[in-house]
$ cat final-v2.pdb   # PDB, C-alpha atoms
ATOM      1  CA  MET N   1       0.000   0.000   0.000
ATOM      2  CA  SER N   2       1.467   3.295  -1.111
ATOM      3  CA  LEU N   3       0.541   6.675   0.288
ATOM      4  CA  PHE N   4      -0.034   7.965  -3.236
ATOM      5  CA  GLN N   5      -1.992   5.083  -4.781
ATOM      6  CA  PRO N   6      -5.759   5.285  -5.117
ATOM      7  CA  LEU N   7      -7.765   3.471  -2.473
ATOM      8  CA  THR N   8      -8.890  -0.003  -3.535
ATOM      9  CA  ASN N   9     -12.407  -1.298  -2.946
ATOM     10  CA  ARG N  10     -11.032  -3.829  -0.469
ATOM     11  CA  GLN N  11      -9.249  -1.137   1.545
ATOM     12  CA  ALA N  12     -12.380   1.037   1.541
ATOM     13  CA  ASN N  13     -14.514  -1.886   2.693
ATOM     14  CA  ILE N  14     -12.072  -2.674   5.498
ATOM     15  CA  ALA N  15     -12.138   1.001   6.547
ATOM     16  CA  LEU N  16     -15.954   1.020   6.535
ATOM     17  CA  THR N  17     -15.992  -2.134   8.640
ATOM     18  CA  VAL N  18     -13.660  -0.602  11.229
ATOM     19  CA  LEU N  19     -15.694   2.624  11.288
ATOM     20  CA  ARG N  20     -18.998   0.751  11.535
ATOM     21  CA  VAL N  21     -17.888  -1.617  14.308
ATOM     22  CA  ILE N  22     -16.191   1.036  16.469
ATOM     23  CA  ALA N  23     -19.150   3.428  16.134
ATOM     24  CA  GLY N  24     -21.543   0.558  16.830
ATOM     25  CA  VAL N  25     -19.739  -0.623  19.958
ATOM     26  CA  THR N  26     -19.599   2.954  21.247
ATOM     27  CA  PHE N  27     -23.336   3.498  20.710
ATOM     28  CA  MET N  28     -24.128   0.072  22.203
ATOM     29  CA  ALA N  29     -22.132   0.899  25.329
ATOM     30  CA  HIS N  30     -23.962   4.185  25.828
ATOM     31  CA  GLY N  31     -27.319   2.544  25.142
ATOM     32  CA  ALA N  32     -26.516  -0.301  27.554
ATOM     33  CA  GLN N  33     -25.599   2.219  30.240
ATOM     34  CA  LYS N  34     -28.939   3.959  29.751
ATOM     35  CA  LEU N  35     -30.896   0.682  29.706
ATOM     36  CA  PHE N  36     -29.154  -1.405  32.347
ATOM     37  CA  VAL N  37     -27.578   1.115  34.720
ATOM     38  CA  TYR N  38     -29.947   4.101  34.764
ATOM     39  CA  GLY N  39     -33.112   2.370  33.538
ATOM     40  CA  PHE N  40     -35.963   4.031  31.692
ATOM     41  CA  ALA N  41     -36.991   6.120  34.709
ATOM     42  CA  GLY N  42     -33.448   7.343  35.322
ATOM     43  CA  VAL N  43     -32.909   8.249  31.673
ATOM     44  CA  ALA N  44     -36.261  10.029  31.505
ATOM     45  CA  GLY N  45     -35.393  11.979  34.660
ATOM     46  CA  SER N  46     -31.975  12.968  33.307
ATOM     47  CA  PHE N  47     -33.437  14.008  29.979
ATOM     48  CA  ALA N  48     -36.060  16.124  31.789
ATOM     49  CA  GLN N  49     -33.321  17.864  33.833
ATOM     50  CA  MET N  50     -31.463  18.629  30.610
ATOM     51  CA  GLY N  51     -34.585  20.191  29.108
ATOM     52  CA  ILE N  52     -35.276  17.525  26.494
ATOM     53  CA  PRO N  53     -38.919  17.765  25.353
ATOM     54  CA  ALA N  54     -41.157  14.744  26.128
ATOM     55  CA  ALA N  55     -38.339  13.254  28.210
ATOM     56  CA  GLY N  56     -40.487  10.377  29.471
ATOM     57  CA  VAL N  57     -40.869   9.113  25.900
ATOM     58  CA  VAL N  58     -37.692  10.385  24.248
ATOM     59  CA  GLY N  59     -35.289   9.110  26.942
ATOM     60  CA  PRO N  60     -36.306   5.439  26.697
ATOM     61  CA  LEU N  61     -36.495   5.650  22.881
ATOM     62  CA  ILE N  62     -32.952   7.039  22.724
ATOM     63  CA  ALA N  63     -31.722   4.288  25.063
ATOM     64  CA  LEU N  64     -33.239   1.643  22.778
ATOM     65  CA  LEU N  65     -32.007   3.395  19.618
ATOM     66  CA  GLU N  66     -28.433   3.618  20.893
ATOM     67  CA  PHE N  67     -28.321   0.008  22.051
ATOM     68  CA  PHE N  68     -30.069  -1.675  19.126
ATOM     69  CA  GLY N  69     -28.856   0.853  16.544
ATOM     70  CA  GLY N  70     -25.303   0.238  17.753
ATOM     71  CA  LEU N  71     -25.885  -3.509  17.506
ATOM     72  CA  ALA N  72     -27.173  -3.031  13.948
ATOM     73  CA  LEU N  73     -23.997  -1.118  13.042
ATOM     74  CA  VAL N  74     -21.745  -3.790  14.512
ATOM     75  CA  PHE N  75     -23.346  -6.452  12.330
ATOM     76  CA  GLY N  76     -23.993  -4.161   9.381
ATOM     77  CA  LEU N  77     -27.740  -4.821   9.304
ATOM     78  CA  LEU N  78     -30.032  -2.013   8.129
ATOM     79  CA  THR N  79     -26.929   0.105   8.443
ATOM     80  CA  ARG N  80     -28.069   3.244   6.667
ATOM     81  CA  LEU N  81     -31.350   3.372   8.599
ATOM     82  CA  ALA N  82     -29.632   2.761  11.961
ATOM     83  CA  ALA N  83     -26.929   5.326  11.159
ATOM     84  CA  LEU N  84     -29.552   7.918  10.193
ATOM     85  CA  GLY N  85     -31.363   7.433  13.507
ATOM     86  CA  LEU N  86     -28.097   7.672  15.426
ATOM     87  CA  ALA N  87     -27.038  10.795  13.492
ATOM     88  CA  LEU N  88     -30.331  12.459  14.440
ATOM     89  CA  ASP N  89     -29.785  11.324  18.046
ATOM     90  CA  MET N  90     -26.366  13.007  18.109
ATOM     91  CA  LEU N  91     -27.704  16.134  16.416
ATOM     92  CA  GLY N  92     -30.322  16.410  19.170
ATOM     93  CA  ALA N  93     -27.708  15.806  21.875
ATOM     94  CA  MET N  94     -25.531  18.498  20.356
ATOM     95  CA  MET N  95     -28.316  21.072  20.027
ATOM     96  CA  PHE N  96     -30.125  20.467  23.326
ATOM     97  CA  VAL N  97     -27.204  19.687  25.644
ATOM     98  CA  HIS N  98     -23.616  20.076  24.450
ATOM     99  CA  LEU N  99     -23.385  23.067  22.096
ATOM    100  CA  LYS N 100     -23.837  25.640  24.869
ATOM    101  CA  ASN N 101     -20.853  24.129  26.721
ATOM    102  CA  GLY N 102     -18.308  24.790  23.993
ATOM    103  CA  PHE N 103     -16.191  22.353  22.023
ATOM    104  CA  PHE N 104     -14.079  20.539  24.608
ATOM    105  CA  LEU N 105     -15.028  17.694  26.919
ATOM    106  CA  PRO N 106     -16.179  16.853  29.521
ATOM    107  CA  GLN N 107     -19.362  18.848  28.736
ATOM    108  CA  GLY N 108     -18.580  20.125  25.226
ATOM    109  CA  TYR N 109     -19.739  18.734  21.912
ATOM    110  CA  GLU N 110     -16.505  17.256  20.489
ATOM    111  CA  PHE N 111     -17.388  13.603  21.237
ATOM    112  CA  VAL N 112     -20.997  13.994  20.074
ATOM    113  CA  LEU N 113     -19.740  15.675  16.888
ATOM    114  CA  ALA N 114     -17.391  12.742  16.200
ATOM    115  CA  LEU N 115     -20.235  10.217  16.632
ATOM    116  CA  PHE N 116     -22.514  12.371  14.459
ATOM    117  CA  THR N 117     -19.857  12.499  11.735
ATOM    118  CA  MET N 118     -19.292   8.725  11.840
ATOM    119  CA  SER N 119     -23.026   8.136  11.559
ATOM    120  CA  VAL N 120     -23.429  10.531   8.631
ATOM    121  CA  ALA N 121     -20.500   8.888   6.836
ATOM    122  CA  LEU N 122     -22.215   5.501   7.206
ATOM    123  CA  VAL N 123     -25.516   6.917   5.919
ATOM    124  CA  PHE N 124     -23.780   8.061   2.728
ATOM    125  CA  MET N 125     -21.208   5.287   2.273
ATOM    126  CA  GLY N 126     -23.202   2.304   3.516
ATOM    127  CA  PRO N 127     -21.886  -0.669   5.450
ATOM    128  CA  GLY N 128     -19.339  -2.035   3.003
ATOM    129  CA  GLN N 129     -19.137  -5.605   1.754
ATOM    130  CA  PHE N 130     -18.166  -7.123   5.108
ATOM    131  CA  SER N 131     -21.642  -6.764   6.601
ATOM    132  CA  LEU N 132     -24.978  -8.554   6.810
ATOM    133  CA  ASP N 133     -26.385  -5.950   4.422
ATOM    134  CA  GLY N 134     -23.670  -6.866   1.914
ATOM    135  CA  LEU N 135     -24.300 -10.588   2.420
ATOM    136  CA  ILE N 136     -28.044 -10.153   1.904
ATOM    137  CA  GLY N 137     -27.450  -8.066  -1.203
ATOM    138  CA  ARG N 138     -25.111 -10.666  -2.687
ATOM    139  CA  SER N 139     -27.546 -13.510  -1.897
ATOM    140  CA  LYS N 140     -30.268 -11.648  -3.798
ATOM    141  CA  GLY N 141     -27.947 -11.240  -6.784
ATOM    142  CA  LEU N 142     -27.534  -7.517  -6.280
ATOM    143  CA  VAL N 143     -24.279  -5.759  -7.015
ATOM    144  CA  PRO N 144     -22.154  -5.960  -3.834
ATOM    145  CA  THR N 145     -21.919  -2.817  -1.760
ATOM    146  CA  THR N 146     -18.661  -1.089  -2.620
ATOM    147  CA  ALA N 147     -17.252   2.051  -1.160
ATOM    148  CA  LEU N 148     -15.839   3.288  -4.431
ATOM    149  CA  PRO N 149     -17.002   3.179  -8.019
ATOM    150  CA  LEU N 150     -15.364   0.450 -10.009
ATOM    151  CA  PRO N 151     -12.462   1.786 -12.083
ATOM    152  CA  ASN N 152     -13.207   2.392 -15.731
ATOM    153  CA  ALA N 153     -10.963   1.684 -18.685
ATOM    154  CA  GLU N 154      -9.480   5.180 -18.619
ATOM    155  CA  HIS N 155      -8.404   4.971 -14.993
ATOM    156  CA  GLY N 156      -4.669   4.929 -14.634
ATOM    157  CA  ARG N 157      -3.948   5.533 -18.340
ATOM    158  CA  LYS N 158      -2.478   8.696 -19.729
ATOM    159  CA  ARG N 159      -4.220  10.083 -22.767
ATOM    160  CA  SER N 160      -2.045  10.431 -25.798
ATOM    161  CA  ALA N 161      -2.175  13.554 -27.897
ATOM    162  CA  ALA N 162      -3.628  12.678 -31.293
TER     163      ALA N 162
END

$ encode --input "final-v2.pdb" --output "structure tokens"
Amino acid sequence: MSLFQPLTNRQANIALTVLRVIAGVTFMAHGAQKLFVYGFAGVAGSFAQMGIPAAGVVGPLIALLEFFGGLALVFGLLTRLAALGLALDMLGAMMFVHLKNGFFLPQGYEFVLALFTMSVALVFMGPGQFSLDGLIGRSKGLVPTTALPLPNAEHGRKRSAA
């Protein structure tokens, strides 16, 4: 692998897998904390203190979204849908809670922004071939999910002056 060579489909798919799994595990951990440590009542109470509208409904929904959405990312199942939900989750967290605290942690938005960016990248790029979505697509005879367009005949050739 050279620093100046174009990215191959395999490299892009490996990168998407790493991105998807790390983002997924991170969301799962935060969802598990909300579900199994704080519980629905604790999450709803925290969300209410932070000024989140309809905290009694939104808090438990976010806990479930983060846990099961993270699980979906890890396995690459319904990836774009899960990533969209998680991106909206992080956008809400940024707007309602973290933005007013500036960029840096522990209260700032830098971590939420990173998770938002990972989620948006997965919405646009998809899960890559090494995913359940890719496996399902291949089993249905669909073109495998690739991160990059397949190279055309002109790629890598210099044009000659005629």

$ resolve_selection --input "final-v2.pdb" --expression "the PyMOL selection byres ((chain N and resi 25-27) around 7)" --output "MDAnalysis selection string"
chainID N and resid 21:24 28:31 66:67 70 74

$ residues_around --input "final-v2.pdb" --residues "segment 88-98 of chain N" --least-positions-apart "5" --cutoff "10 Å" --atoms "only C-alpha atoms" --output "count of residues only"
26

$ residues_around --input "final-v2.pdb" --residues "Gly59 of chain N" --least-positions-apart "4" --cutoff "6 Å" --atoms "only C-alpha atoms" --output "PyMOL selection string"
chain N and resi 43-44+55

$ atom_distance --input "final-v2.pdb" --atom1 "atom CA of Tyr38 of chain N" --atom2 "atom CA of Gly85 of chain N"
21.6 Å

$ atom_distance --input "final-v2.pdb" --atom1 "atom CA of Leu73 of chain N" --atom2 "atom CA of Leu135 of chain N"
14.2 Å

$ closest_residue --input "final-v2.pdb" --among "N:Ile14, N:Val58, N:Leu122, N:Ala63" --to "Ala82 of chain N" --atoms "only C-alpha atoms"
N:Leu122

$ atom_distance --input "final-v2.pdb" --atom1 "atom CA of Lys34 of chain N" --atom2 "atom CA of Phe68 of chain N"
12.1 Å

$ resolve_selection --input "final-v2.pdb" --expression "the PyMOL selection byres ((chain N and resi 80) around 8)" --output "ChimeraX atom specification"
/N:78-79,81-84,122-124,126-127

$ closest_residue --input "final-v2.pdb" --among "N:Ala32, N:Leu64, N:Leu16, N:Met118" --to "Ser131 of chain N" --atoms "only C-alpha atoms"
N:Leu16

$ decode --input "final-v2.pdb" --residues "segment 9-93 of chain N" --atoms "C-alpha atoms" --output "short mmCIF file (atom, residue, chain, number, x, y, z; two decimals), in the first residue's frame"
data_model
loop_
_atom_site.label_atom_id
_atom_site.label_comp_id
_atom_site.auth_asym_id
_atom_site.auth_seq_id
_atom_site.Cartn_x
_atom_site.Cartn_y
_atom_site.Cartn_z
CA ASN N 9 -12.41 -1.30 -2.95
CA ARG N 10 -11.03 -3.83 -0.47
CA GLN N 11 -9.25 -1.14 1.55
CA ALA N 12 -12.38 1.04 1.54
CA ASN N 13 -14.51 -1.89 2.69
CA ILE N 14 -12.07 -2.67 5.50
CA ALA N 15 -12.14 1.00 6.55
CA LEU N 16 -15.95 1.02 6.53
CA THR N 17 -15.99 -2.13 8.64
CA VAL N 18 -13.66 -0.60 11.23
CA LEU N 19 -15.69 2.62 11.29
CA ARG N 20 -19.00 0.75 11.53
CA VAL N 21 -17.89 -1.62 14.31
CA ILE N 22 -16.19 1.04 16.47
CA ALA N 23 -19.15 3.43 16.13
CA GLY N 24 -21.54 0.56 16.83
CA VAL N 25 -19.74 -0.62 19.96
CA THR N 26 -19.60 2.95 21.25
CA PHE N 27 -23.34 3.50 20.71
CA MET N 28 -24.13 0.07 22.20
CA ALA N 29 -22.13 0.90 25.33
CA HIS N 30 -23.96 4.19 25.83
CA GLY N 31 -27.32 2.54 25.14
CA ALA N 32 -26.52 -0.30 27.55
CA GLN N 33 -25.60 2.22 30.24
CA LYS N 34 -28.94 3.96 29.75
CA LEU N 35 -30.90 0.68 29.71
CA PHE N 36 -29.15 -1.41 32.35
CA VAL N 37 -27.58 1.12 34.72
CA TYR N 38 -29.95 4.10 34.76
CA GLY N 39 -33.11 2.37 33.54
CA PHE N 40 -35.96 4.03 31.69
CA ALA N 41 -36.99 6.12 34.71
CA GLY N 42 -33.45 7.34 35.32
CA VAL N 43 -32.91 8.25 31.67
CA ALA N 44 -36.26 10.03 31.50
CA GLY N 45 -35.39 11.98 34.66
CA SER N 46 -31.97 12.97 33.31
CA PHE N 47 -33.44 14.01 29.98
CA ALA N 48 -36.06 16.12 31.79
CA GLN N 49 -33.32 17.86 33.83
CA MET N 50 -31.46 18.63 30.61
CA GLY N 51 -34.59 20.19 29.11
CA ILE N 52 -35.28 17.52 26.49
CA PRO N 53 -38.92 17.77 25.35
CA ALA N 54 -41.16 14.74 26.13
CA ALA N 55 -38.34 13.25 28.21
CA GLY N 56 -40.49 10.38 29.47
CA VAL N 57 -40.87 9.11 25.90
CA VAL N 58 -37.69 10.38 24.25
CA GLY N 59 -35.29 9.11 26.94
CA PRO N 60 -36.31 5.44 26.70
CA LEU N 61 -36.49 5.65 22.88
CA ILE N 62 -32.95 7.04 22.72
CA ALA N 63 -31.72 4.29 25.06
CA LEU N 64 -33.24 1.64 22.78
CA LEU N 65 -32.01 3.39 19.62
CA GLU N 66 -28.43 3.62 20.89
CA PHE N 67 -28.32 0.01 22.05
CA PHE N 68 -30.07 -1.67 19.13
CA GLY N 69 -28.86 0.85 16.54
CA GLY N 70 -25.30 0.24 17.75
CA LEU N 71 -25.88 -3.51 17.51
CA ALA N 72 -27.17 -3.03 13.95
CA LEU N 73 -24.00 -1.12 13.04
CA VAL N 74 -21.74 -3.79 14.51
CA PHE N 75 -23.35 -6.45 12.33
CA GLY N 76 -23.99 -4.16 9.38
CA LEU N 77 -27.74 -4.82 9.30
CA LEU N 78 -30.03 -2.01 8.13
CA THR N 79 -26.93 0.11 8.44
CA ARG N 80 -28.07 3.24 6.67
CA LEU N 81 -31.35 3.37 8.60
CA ALA N 82 -29.63 2.76 11.96
CA ALA N 83 -26.93 5.33 11.16
CA LEU N 84 -29.55 7.92 10.19
CA GLY N 85 -31.36 7.43 13.51
CA LEU N 86 -28.10 7.67 15.43
CA ALA N 87 -27.04 10.80 13.49
CA LEU N 88 -30.33 12.46 14.44
CA ASP N 89 -29.79 11.32 18.05
CA MET N 90 -26.37 13.01 18.11
CA LEU N 91 -27.70 16.13 16.42
CA GLY N 92 -30.32 16.41 19.17
CA ALA N 93 -27.71 15.81 21.87
#
